[in-house]
$ cat run33.txt   # compact mmCIF, C-alpha atoms
# COMPACT_ATOMS: atom_id res chain seq x y z
CA MET A 1 -25.33 8.97 -17.10
CA LYS A 2 -27.15 9.05 -13.78
CA LYS A 3 -29.38 6.08 -13.17
CA LEU A 4 -32.49 6.15 -10.97
CA LEU A 5 -32.85 2.89 -9.06
CA THR A 6 -35.69 1.25 -7.19
CA ILE A 7 -35.67 1.10 -3.40
CA SER A 8 -34.44 -2.48 -3.08
CA LEU A 9 -30.97 -3.37 -4.37
CA LEU A 10 -29.54 -6.83 -4.85
CA ILE A 11 -25.77 -6.72 -4.86
CA LEU A 12 -24.39 -8.99 -7.59
CA SER A 13 -22.77 -11.36 -5.13
CA SER A 14 -23.98 -13.98 -2.70
CA LEU A 15 -22.41 -12.19 0.27
CA LEU A 16 -24.89 -9.41 0.99
CA PHE A 17 -28.40 -8.25 0.33
CA ILE A 18 -28.90 -4.54 0.89
CA SER A 19 -32.17 -2.65 0.89
CA CYS A 20 -33.30 0.74 2.11
CA ASN A 21 -36.55 2.55 2.79
CA ASN A 22 -35.48 5.70 0.92
CA LYS A 23 -37.55 6.32 -2.22
CA LYS A 24 -34.75 7.29 -4.62
CA THR A 25 -31.16 6.26 -5.07
CA TYR A 26 -28.61 7.49 -7.60
CA GLU A 27 -25.82 5.42 -9.07
CA TYR A 28 -23.36 6.70 -11.68
CA GLY A 29 -21.90 3.41 -12.81
CA PRO A 30 -19.74 0.61 -11.40
CA ILE A 31 -16.00 1.03 -10.88
CA TYR A 32 -13.80 -1.94 -11.74
CA ALA A 33 -10.91 -2.06 -9.26
CA PHE A 34 -9.23 -4.39 -6.76
CA ASP A 35 -10.23 -7.33 -8.97
CA THR A 36 -13.89 -6.68 -8.14
CA ILE A 37 -16.74 -4.23 -8.73
CA VAL A 38 -17.06 -1.12 -6.56
CA THR A 39 -20.55 0.37 -6.37
CA ILE A 40 -21.41 3.78 -4.91
CA VAL A 41 -25.07 4.54 -4.27
CA PHE A 42 -26.11 8.07 -3.27
CA TYR A 43 -29.38 8.98 -1.61
CA GLU A 44 -28.86 12.59 -2.65
CA ASP A 45 -29.01 14.11 -6.14
CA ASN A 46 -26.25 16.03 -7.98
CA CYS A 47 -23.35 13.90 -6.76
CA GLU A 48 -21.81 13.14 -10.14
CA GLU A 49 -18.70 15.30 -9.56
CA TYR A 50 -18.06 13.54 -6.26
CA TYR A 51 -18.43 10.20 -7.99
CA LYS A 52 -15.84 11.18 -10.61
CA GLU A 53 -13.34 12.22 -7.94
CA ILE A 54 -13.93 8.98 -6.03
CA LYS A 55 -13.50 6.92 -9.20
CA ASN A 56 -10.15 8.60 -9.91
CA LYS A 57 -8.92 7.95 -6.35
CA ILE A 58 -10.06 4.32 -6.34
CA ASN A 59 -8.25 3.71 -9.62
CA GLU A 60 -5.14 5.34 -8.19
CA ILE A 61 -5.24 3.17 -5.07
CA SER A 62 -5.84 0.07 -7.18
CA ARG A 63 -2.94 0.82 -9.52
CA ASP A 64 -0.46 1.54 -6.74
CA THR A 65 -1.35 -1.52 -4.64
CA ASN A 66 -1.67 -4.03 -7.50
CA ASP A 67 0.70 -6.97 -7.02
CA PHE A 68 -0.06 -8.53 -10.43
CA SER A 69 0.85 -5.67 -12.79
CA SER A 70 2.81 -2.44 -13.03
CA ASN A 71 1.38 1.09 -13.03
CA SER A 72 2.30 3.92 -15.40
CA ASN A 73 5.19 5.02 -13.14
CA ASN A 74 6.47 1.49 -12.51
CA THR A 75 5.93 2.08 -8.79
CA SER A 76 3.20 -0.40 -7.88
CA ILE A 77 3.51 -3.21 -5.33
CA TYR A 78 4.21 -5.46 -8.32
CA ASP A 79 7.21 -3.27 -9.22
CA LEU A 80 8.38 -3.17 -5.61
CA ASN A 81 8.27 -6.96 -5.37
CA ILE A 82 10.41 -7.24 -8.51
CA LYS A 83 12.86 -4.36 -8.01
CA ARG A 84 12.97 -4.66 -4.18
CA GLU A 85 13.35 -0.86 -3.88
CA ILE A 86 11.30 2.00 -5.38
CA GLU A 87 10.31 5.62 -4.83
CA GLY A 88 6.66 5.13 -3.96
CA SER A 89 3.72 7.53 -3.89
CA ASN A 90 2.56 9.15 -0.67
CA LEU A 91 -0.50 6.91 -0.89
CA LEU A 92 1.56 3.73 -1.11
CA VAL A 93 3.79 4.81 1.77
CA ASP A 94 0.73 5.51 3.91
CA ILE A 95 -0.97 2.17 3.30
CA LEU A 96 2.31 0.28 3.78
CA ASN A 97 2.93 1.99 7.11
CA LYS A 98 -0.61 1.08 8.24
CA SER A 99 -0.10 -2.52 7.16
CA ILE A 100 3.26 -2.92 8.89
CA ASN A 101 1.90 -1.46 12.14
CA LEU A 102 -0.93 -4.01 12.05
CA ILE A 103 1.48 -6.95 12.38
CA SER A 104 2.03 -6.26 16.08
CA LYS A 105 -1.50 -4.92 16.58
CA THR A 106 -2.97 -8.28 15.50
CA ASN A 107 -0.27 -10.45 17.07
CA GLY A 108 0.97 -11.42 13.62
CA TYR A 109 -2.39 -12.57 12.25
CA PHE A 110 -2.31 -9.76 9.70
CA ASN A 111 0.93 -9.89 7.74
CA PRO A 112 1.60 -7.95 4.51
CA TYR A 113 4.67 -10.09 3.73
CA MET A 114 2.54 -13.07 2.69
CA GLY A 115 2.68 -12.33 -1.06
CA ARG A 116 4.75 -15.29 -2.23
CA LEU A 117 2.90 -17.86 -0.12
CA THR A 118 -0.54 -16.50 -1.00
CA HIS A 119 0.24 -16.62 -4.72
CA LYS A 120 1.53 -20.19 -4.42
CA TRP A 121 -1.68 -21.23 -2.65
CA LYS A 122 -3.84 -19.54 -5.29
CA ASP A 123 -1.98 -21.42 -8.03
CA ALA A 124 -2.39 -24.70 -6.11
CA ILE A 125 -6.13 -24.10 -5.64
CA LYS A 126 -6.57 -23.42 -9.36
CA ALA A 127 -4.79 -26.69 -10.07
CA LYS A 128 -6.94 -28.42 -7.41
CA LYS A 129 -3.90 -29.40 -5.41
CA VAL A 130 -2.62 -28.97 -1.86
CA LEU A 131 0.62 -27.01 -1.48
CA GLN A 132 3.45 -29.22 -0.26
CA LYS A 133 4.53 -28.86 3.36
CA ASP A 134 8.20 -28.29 2.55
CA ILE A 135 7.23 -25.35 0.32
CA ILE A 136 5.00 -23.94 3.07
CA ASP A 137 7.75 -24.26 5.70
CA SER A 138 10.28 -22.57 3.40
CA GLU A 139 7.89 -19.71 2.64
CA LEU A 140 7.08 -19.18 6.34
CA GLU A 141 10.78 -18.82 7.08
CA ILE A 142 11.08 -16.25 4.30
CA ILE A 143 8.06 -14.33 5.63
CA ASN A 144 9.49 -14.28 9.14
CA ASN A 145 12.77 -12.86 7.84
CA THR A 146 11.25 -10.14 5.67
CA SER A 147 10.81 -6.48 6.59
CA VAL A 148 10.38 -3.13 4.87
CA THR A 149 12.41 0.04 5.34
CA ILE A 150 10.66 3.31 4.47
CA THR A 151 12.70 6.53 4.33
CA ASN A 152 10.61 9.46 3.11
CA ASN A 153 9.18 7.89 -0.06
CA ASN A 154 11.93 5.35 -0.60
CA ILE A 155 10.57 1.85 0.02
CA LYS A 156 12.96 -1.09 0.33
CA ILE A 157 12.15 -4.77 0.97
CA ASN A 158 14.66 -6.50 3.20
CA GLY A 159 14.67 -10.27 2.69
CA GLU A 160 13.07 -12.45 0.05
CA GLY A 161 9.37 -11.99 0.87
CA ASN A 162 6.82 -10.19 -1.30
CA ILE A 163 4.19 -7.64 -0.30
CA ASP A 164 0.44 -8.35 -0.58
CA LEU A 165 -2.01 -5.63 0.49
CA GLY A 166 -5.19 -7.47 -0.52
CA GLY A 167 -6.37 -7.75 3.07
CA ILE A 168 -6.54 -4.00 3.68
CA VAL A 169 -6.78 -2.13 0.38
CA LYS A 170 -10.57 -2.09 -0.03
CA GLY A 171 -11.06 -0.84 3.50
CA TYR A 172 -8.40 1.81 2.89
CA ALA A 173 -10.36 3.00 -0.14
CA LEU A 174 -13.61 3.06 1.87
CA GLU A 175 -12.00 5.20 4.56
CA TRP A 176 -10.75 7.71 1.99
CA ILE A 177 -14.24 7.90 0.46
CA ARG A 178 -15.84 8.43 3.88
CA GLY A 179 -13.47 11.30 4.65
CA TYR A 180 -13.86 12.90 1.22
CA LEU A 181 -17.67 12.85 1.27
CA LYS A 182 -17.74 14.15 4.85
CA GLU A 183 -15.60 17.11 3.78
CA ASN A 184 -18.16 17.83 1.06
CA ASN A 185 -21.18 17.46 3.39
CA ILE A 186 -22.48 14.33 1.67
CA SER A 187 -23.82 11.90 4.25
CA LYS A 188 -26.52 9.75 2.61
CA TYR A 189 -24.82 7.00 0.63
CA TYR A 190 -23.27 3.57 0.82
CA VAL A 191 -20.22 2.10 -0.87
CA ASP A 192 -19.88 -1.59 -1.71
CA CYS A 193 -16.44 -3.03 -2.55
CA GLY A 194 -17.24 -6.44 -3.95
CA SER A 195 -19.69 -7.10 -1.10
CA SER A 196 -16.83 -8.02 1.23
CA SER A 197 -16.26 -4.44 2.42
CA ILE A 198 -19.00 -1.82 2.63
CA TYR A 199 -19.56 1.49 4.34
CA ILE A 200 -23.05 2.83 5.10
CA GLY A 201 -23.55 6.55 5.61
CA ASN A 202 -26.38 8.36 7.36
CA ILE A 203 -29.17 6.14 6.01
CA ASN A 204 -31.04 3.20 7.46
CA VAL A 205 -29.98 0.18 5.42
CA ASN A 206 -30.91 -3.47 5.84
CA VAL A 207 -27.84 -5.68 5.52
CA ALA A 208 -28.30 -9.43 5.22
CA ILE A 209 -25.11 -11.52 5.41
CA SER A 210 -25.41 -14.76 3.49
CA ASN A 211 -24.16 -18.28 4.11
CA PRO A 212 -21.16 -18.54 1.75
CA TYR A 213 -21.48 -22.29 1.15
CA GLY A 214 -25.23 -22.72 1.45
CA SER A 215 -28.54 -20.96 1.05
CA GLY A 216 -30.17 -18.25 3.14
CA TYR A 217 -28.83 -15.47 5.33
CA ILE A 218 -27.06 -15.85 8.65
CA LYS A 219 -27.74 -12.32 9.92
CA ASN A 220 -30.23 -9.64 8.91
CA HIS A 221 -30.38 -6.18 10.51
CA TYR A 222 -30.71 -2.45 9.79
CA TYR A 223 -27.52 -0.39 10.17
CA SER A 224 -26.32 3.17 9.57
CA ASN A 225 -23.06 5.09 9.91
CA LEU A 226 -20.76 2.08 10.07
CA GLY A 227 -18.56 -0.21 8.06
CA LEU A 228 -18.77 -3.95 7.47
CA ALA A 229 -15.96 -6.28 6.45
CA THR A 230 -16.46 -9.96 5.63
CA SER A 231 -13.84 -12.67 5.11
CA ASN A 232 -14.43 -16.13 3.67
CA GLY A 233 -13.05 -18.36 0.95
CA LYS A 234 -16.15 -18.62 -1.20
CA HIS A 235 -14.72 -17.30 -4.47
CA GLN A 236 -11.32 -19.02 -4.37
CA ASN A 237 -11.50 -22.52 -2.93
CA VAL A 238 -11.32 -26.22 -3.64
CA VAL A 239 -12.39 -29.22 -1.55
CA ILE A 240 -9.85 -32.07 -1.45
CA ASP A 241 -10.48 -35.20 0.63
CA GLY A 242 -13.22 -33.41 2.52
CA VAL A 243 -11.06 -30.38 3.44
CA ARG A 244 -11.73 -26.93 2.00
CA TYR A 245 -8.63 -25.04 0.86
CA HIS A 246 -8.88 -21.33 0.02
CA HIS A 247 -6.81 -18.16 -0.36
CA LEU A 248 -7.08 -16.90 3.26
CA ILE A 249 -3.81 -18.18 4.70
CA ASN A 250 -2.99 -18.32 8.41
CA PRO A 251 0.39 -16.53 8.82
CA LYS A 252 1.22 -18.78 11.76
CA THR A 253 0.71 -22.14 10.02
CA GLY A 254 0.97 -21.32 6.31
CA TYR A 255 -2.27 -23.22 5.62
CA PRO A 256 -5.76 -21.91 4.82
CA SER A 257 -7.71 -21.12 7.99
CA ASN A 258 -10.76 -23.30 8.56
CA ASN A 259 -12.00 -22.20 11.97
CA TYR A 260 -15.02 -20.56 10.31
CA ASP A 261 -17.07 -20.58 7.14
CA THR A 262 -17.26 -16.79 7.31
CA ILE A 263 -16.50 -13.89 9.64
CA SER A 264 -18.08 -10.44 9.52
CA LEU A 265 -17.01 -7.39 11.51
CA LEU A 266 -19.12 -4.26 11.95
CA GLY A 267 -18.14 -0.99 13.55
CA ASN A 268 -17.71 2.75 13.28
CA ILE A 269 -13.92 2.70 13.12
CA ASP A 270 -11.30 3.27 10.42
CA ASN A 271 -12.47 1.05 7.54
CA ALA A 272 -8.88 0.09 6.67
CA LEU A 273 -8.52 -1.37 10.15
CA LEU A 274 -11.89 -3.11 9.92
CA ASP A 275 -10.89 -4.75 6.63
CA ALA A 276 -7.51 -5.87 8.00
CA TYR A 277 -9.08 -7.10 11.24
CA SER A 278 -11.51 -9.34 9.36
CA THR A 279 -8.53 -10.92 7.61
CA ALA A 280 -6.68 -11.38 10.90
CA LEU A 281 -9.61 -12.70 12.94
CA PHE A 282 -10.39 -15.30 10.31
CA SER A 283 -7.18 -17.08 11.38
CA MET A 284 -7.70 -16.65 15.14
CA ASN A 285 -9.48 -19.21 17.28
CA ILE A 286 -12.87 -18.13 18.60
CA ASP A 287 -11.61 -17.01 22.02
CA GLU A 288 -8.88 -14.85 20.47
CA ALA A 289 -11.26 -13.41 17.87
CA SER A 290 -14.01 -12.63 20.37
CA SER A 291 -11.61 -10.95 22.81
CA PHE A 292 -9.99 -8.90 20.04
CA ALA A 293 -13.37 -7.70 18.72
CA LYS A 294 -14.60 -6.66 22.15
CA ASN A 295 -11.35 -4.87 22.99
CA ASN A 296 -11.61 -2.89 19.75
CA ASN A 297 -15.34 -2.08 20.12
CA ILE A 298 -16.49 -3.90 17.00
CA ASP A 299 -19.17 -6.51 16.33
CA LEU A 300 -18.05 -10.01 15.46
CA ILE A 301 -20.31 -12.46 13.66
CA ALA A 302 -18.57 -15.83 13.33
CA TYR A 303 -20.37 -18.58 11.41
CA SER A 304 -19.38 -22.23 11.11
CA GLY A 305 -21.06 -25.60 10.68
CA GLY A 306 -24.46 -24.15 9.84
CA LYS A 307 -24.75 -21.83 12.85
CA ILE A 308 -23.50 -18.59 14.36
CA ILE A 309 -20.90 -19.63 16.93
CA GLU A 310 -20.14 -16.12 18.18
CA TYR A 311 -22.00 -12.82 18.08
CA ASN A 312 -21.12 -9.89 20.27
CA ASN A 313 -23.69 -7.13 19.91
CA ILE A 314 -22.13 -3.67 20.11
CA THR A 315 -23.51 -1.68 17.18
CA GLU A 316 -27.20 -2.61 17.39

$ encode --input "run33.txt" --output "structure tokens"
Amino acid sequence: MKKLLTISLLILSSLLFISCNNKKTYEYGPIYAFDTIVTIVFYEDNCEEYYKEIKNKINEISRDTNDFSSNSNNTSIYDLNIKREIEGSNLLVDILNKSINLISKTNGYFNPYMGRLTHKWKDAIKAKKVLQKDIIDSELEIINNTSVTITNNNIKINGEGNIDLGGIVKGYALEWIRGYLKENNISKYYVDCGSSSIYIGNINVNVAISNPYGSGYIKNHYYSNLGLATSNGKHQNVVIDGVRYHHLINPKTGYPSNNYDTISLLGNIDNALLDAYSTALFSMNIDEASSFAKNNNIDLIAYSGGKIIEYNNITE
């Protein structure tokens, strides 16, 4: 059932606070996908049918890209990692092609072949341990010798590595939603994928980005018609001997990246790219990250040690 909300919305996460001056918003219920909560808020009435179509597509994307469980056709990333070769959906082929192309685009800082290493780090973090160097070195060699061959819809993994699309999938979903609503002349809305990836339509929305390991907000501004992607290790981390270990792994070193507490990117570009770029830039040093952001016409907000260490203002 449609729910009428008040004008100020607190996202149930410590990453973002979003508010808008519009008098009425309409939300049709949360969508549980990508191991998070997806929220769609419309600033127009009679959007329930669009919401239903979006919910179906998000669930489809989530099922096909899940690397923890199979889908009804046994053609998810999980199935591909086990079988090493499947007939995938058009959707899965599309997102895989985008992900593979991003390896060279980001100079290797975005790498979809990180599945085995990422899972090993997540297990180590849960056990409050540091992954052993010999395991990391072995996994990096496997990653560097893994590739994917795609022929029509046949997908084959070459090598021993596993696929992980967690760094792009939410942005991919956002971009599909943006295109779908544009086709149906719906412009006043925003979509929040777990507060790490959002897209704001043709409305004036205040976005406050919070300090992931402290109190308060590090940036507060009104935006419209753009996406935002944030990367940090807040929800999966452990501190051992004064060092924070988390699930965002540098593909070059095999260790969690600790150049920043958090990175946010903002821009009016393909949201799948924005999501993947935030993953990649989190592992870059500040000079690499700043140059990459400027060359791709996106805002970079890098925060570390209690202060913003880089902010290039393009969208404001």

$ residues_around --input "run33.txt" --residues "stretch 197-206 of chain A" --least-positions-apart "4" --cutoff "8 Å" --atoms "only C-alpha atoms" --output "PyMOL selection string"
chain A and resi 17-21+170-171+174+178+187-193+220-230+271+275

$ atom_distance --input "run33.txt" --atom1 "atom CA of A:Asp164" --atom2 "atom CA of A:Ile77"
7.6 Å

$ closest_residue --input "run33.txt" --among "A:Leu273, A:Lys52, A:Trp121, A:Cys47" --to "A:Pro30" --atoms "all atoms listed in the file"
A:Lys52

$ residues_around --input "run33.txt" --residues "stretch 128-141 of chain A" --least-positions-apart "2" --cutoff "9 Å" --atoms "only C-alpha atoms" --output "ChimeraX atom specification"
/A:114,116-117,120-121,123-126,143-146,161,237-240,245,251-255

$ atom_distance --input "run33.txt" --atom1 "atom CA of A:Thr151" --atom2 "atom CA of A:Leu92"
12.7 Å

$ atom_distance --input "run33.txt" --atom1 "atom CA of A:Leu80" --atom2 "atom CA of A:Asn66"
10.3 Å

$ residues_around --input "run33.txt" --residues "A:Ala272" --least-positions-apart "2" --cutoff "12 Å" --atoms "all atoms listed in the file" --output "PyMOL selection string"
chain A and resi 94-99+102+165-178+197-199+227-229+267-270+274-279

$ write_last_selection --input "run33.txt" --atoms "C-alpha atoms" --output "short mmCIF file (atom, residue, chain, number, x, y, z; two decimals), in the frame of the given file"
data_model
loop_
_atom_site.label_atom_id
_atom_site.label_comp_id
_atom_site.auth_asym_id
_atom_site.auth_seq_id
_atom_site.Cartn_x
_atom_site.Cartn_y
_atom_site.Cartn_z
CA ASP A 94 0.73 5.51 3.91
CA ILE A 95 -0.97 2.17 3.30
CA LEU A 96 2.31 0.28 3.78
CA ASN A 97 2.93 1.99 7.11
CA LYS A 98 -0.61 1.08 8.24
CA SER A 99 -0.10 -2.52 7.16
CA LEU A 102 -0.93 -4.01 12.05
CA LEU A 165 -2.01 -5.63 0.49
CA GLY A 166 -5.19 -7.47 -0.52
CA GLY A 167 -6.37 -7.75 3.07
CA ILE A 168 -6.54 -4.00 3.68
CA VAL A 169 -6.78 -2.13 0.38
CA LYS A 170 -10.57 -2.09 -0.03
CA GLY A 171 -11.06 -0.84 3.50
CA TYR A 172 -8.40 1.81 2.89
CA ALA A 173 -10.36 3.00 -0.14
CA LEU A 174 -13.61 3.06 1.87
CA GLU A 175 -12.00 5.20 4.56
CA TRP A 176 -10.75 7.71 1.99
CA ILE A 177 -14.24 7.90 0.46
CA ARG A 178 -15.84 8.43 3.88
CA SER A 197 -16.26 -4.44 2.42
CA ILE A 198 -19.00 -1.82 2.63
CA TYR A 199 -19.56 1.49 4.34
CA GLY A 227 -18.56 -0.21 8.06
CA LEU A 228 -18.77 -3.95 7.47
CA ALA A 229 -15.96 -6.28 6.45
CA GLY A 267 -18.14 -0.99 13.55
CA ASN A 268 -17.71 2.75 13.28
CA ILE A 269 -13.92 2.70 13.12
CA ASP A 270 -11.30 3.27 10.42
CA LEU A 274 -11.89 -3.11 9.92
CA ASP A 275 -10.89 -4.75 6.63
CA ALA A 276 -7.51 -5.87 8.00
CA TYR A 277 -9.08 -7.10 11.24
CA SER A 278 -11.51 -9.34 9.36
CA THR A 279 -8.53 -10.92 7.61
#

$ closest_residue --input "run33.txt" --among "A:Asn312, A:Ser304, A:Asn250, A:Asn73" --to "A:Phe110" --atoms "only C-alpha atoms"
A:Asn250

$ residues_around --input "run33.txt" --residues "A:Ile308" --least-positions-apart "3" --cutoff "10 Å" --atoms "only C-alpha atoms" --output "PyMOL selection string"
chain A and resi 218-219+260-263+301-305+311

$ closest_residue --input "run33.txt" --among "A:Ser257, A:Ser147, A:Ser196, A:Asn232" --to "A:Phe34" --atoms "all atoms listed in the file"
A:Ser196

$ residues_around --input "run33.txt" --residues "A:Asn59" --least-positions-apart "6" --cutoff "9 Å" --atoms "all atoms listed in the file" --output "PyMOL selection string"
chain A and resi 31-34

$ closest_residue --input "run33.txt" --among "A:Asp45, A:Gly216, A:Asn101, A:Ile249" --to "A:Lys307" --atoms "only C-alpha atoms"
A:Gly216

$ closest_atom_pairs --input "run33.txt" --of "stretch 32-148 of chain A" --to "stretch 282-287 of chain A" --cutoff "12 Å" --atoms "all atoms listed in the file" --output "CSV"
residue,atom,partner,partner_atom,distance
A:Thr106,CA,A:Met284,CA,9.6
A:Asn107,CA,A:Met284,CA,9.9
A:Gly108,CA,A:Ser283,CA,10.2
A:Tyr109,CA,A:Ser283,CA,6.6
A:Phe110,CA,A:Ser283,CA,9.0
A:Asn111,CA,A:Ser283,CA,11.4

$ closest_residue --input "run33.txt" --among "A:Tyr51, A:Leu281, A:Asn90, A:Tyr43" --to "A:Asp64" --atoms "only C-alpha atoms"
A:Asn90

$ closest_residue --input "run33.txt" --among "A:Lys57, A:Lys24, A:Lys234, A:Arg84" --to "A:Thr149" --atoms "only C-alpha atoms"
A:Arg84

$ decode --input "run33.txt" --residues "stretch 84-99 of chain A" --atoms "N, CA and C atoms" --output "mmCIF file, in the first residue's frame"
data_model
loop_
_atom_site.group_PDB
_atom_site.id
_atom_site.type_symbol
_atom_site.label_atom_id
_atom_site.label_comp_id
_atom_site.auth_asym_id
_atom_site.auth_seq_id
_atom_site.Cartn_x
_atom_site.Cartn_y
_atom_site.Cartn_z
ATOM 1 N N ARG A 84 32.055 -23.156 -13.853
ATOM 2 C CA ARG A 84 33.086 -22.556 -14.698
ATOM 3 C C ARG A 84 32.597 -22.228 -16.100
ATOM 4 N N GLU A 85 31.404 -22.681 -16.476
ATOM 5 C CA GLU A 85 30.843 -22.343 -17.789
ATOM 6 C C GLU A 85 29.330 -22.501 -17.730
ATOM 7 N N ILE A 86 28.606 -21.437 -18.155
ATOM 8 C CA ILE A 86 27.144 -21.472 -18.167
ATOM 9 C C ILE A 86 26.613 -20.719 -19.385
ATOM 10 N N GLU A 87 25.327 -20.916 -19.658
ATOM 11 C CA GLU A 87 24.598 -20.063 -20.597
ATOM 12 C C GLU A 87 23.906 -18.994 -19.770
ATOM 13 N N GLY A 88 24.444 -17.791 -19.771
ATOM 14 C CA GLY A 88 23.921 -16.734 -18.926
ATOM 15 C C GLY A 88 22.831 -15.920 -19.593
ATOM 16 N N SER A 89 22.141 -15.126 -18.794
ATOM 17 C CA SER A 89 21.105 -14.226 -19.310
ATOM 18 C C SER A 89 21.748 -13.056 -20.044
ATOM 19 N N ASN A 90 20.956 -12.369 -20.853
ATOM 20 C CA ASN A 90 21.456 -11.160 -21.511
ATOM 21 C C ASN A 90 21.926 -10.140 -20.482
ATOM 22 N N LEU A 91 21.210 -10.064 -19.376
ATOM 23 C CA LEU A 91 21.560 -9.127 -18.305
ATOM 24 C C LEU A 91 22.943 -9.449 -17.743
ATOM 25 N N LEU A 92 23.181 -10.725 -17.454
ATOM 26 C CA LEU A 92 24.458 -11.117 -16.866
ATOM 27 C C LEU A 92 25.607 -10.892 -17.850
ATOM 28 N N VAL A 93 25.370 -11.182 -19.116
ATOM 29 C CA VAL A 93 26.393 -10.937 -20.133
ATOM 30 C C VAL A 93 26.730 -9.450 -20.205
ATOM 31 N N ASP A 94 25.710 -8.609 -20.136
ATOM 32 C CA ASP A 94 25.920 -7.166 -20.223
ATOM 33 C C ASP A 94 26.754 -6.649 -19.058
ATOM 34 N N ILE A 95 26.394 -7.028 -17.845
ATOM 35 C CA ILE A 95 27.114 -6.516 -16.681
ATOM 36 C C ILE A 95 28.531 -7.090 -16.610
ATOM 37 N N LEU A 96 28.721 -8.325 -17.068
ATOM 38 C CA LEU A 96 30.063 -8.899 -17.107
ATOM 39 C C LEU A 96 30.944 -8.166 -18.111
ATOM 40 N N ASN A 97 30.393 -7.879 -19.274
ATOM 41 C CA ASN A 97 31.164 -7.135 -20.277
ATOM 42 C C ASN A 97 31.575 -5.763 -19.747
ATOM 43 N N LYS A 98 30.641 -5.071 -19.074
ATOM 44 C CA LYS A 98 30.974 -3.770 -18.480
ATOM 45 C C LYS A 98 32.097 -3.911 -17.455
ATOM 46 N N SER A 99 32.005 -4.938 -16.632
ATOM 47 C CA SER A 99 32.986 -5.136 -15.567
ATOM 48 C C SER A 99 34.368 -5.454 -16.132
#
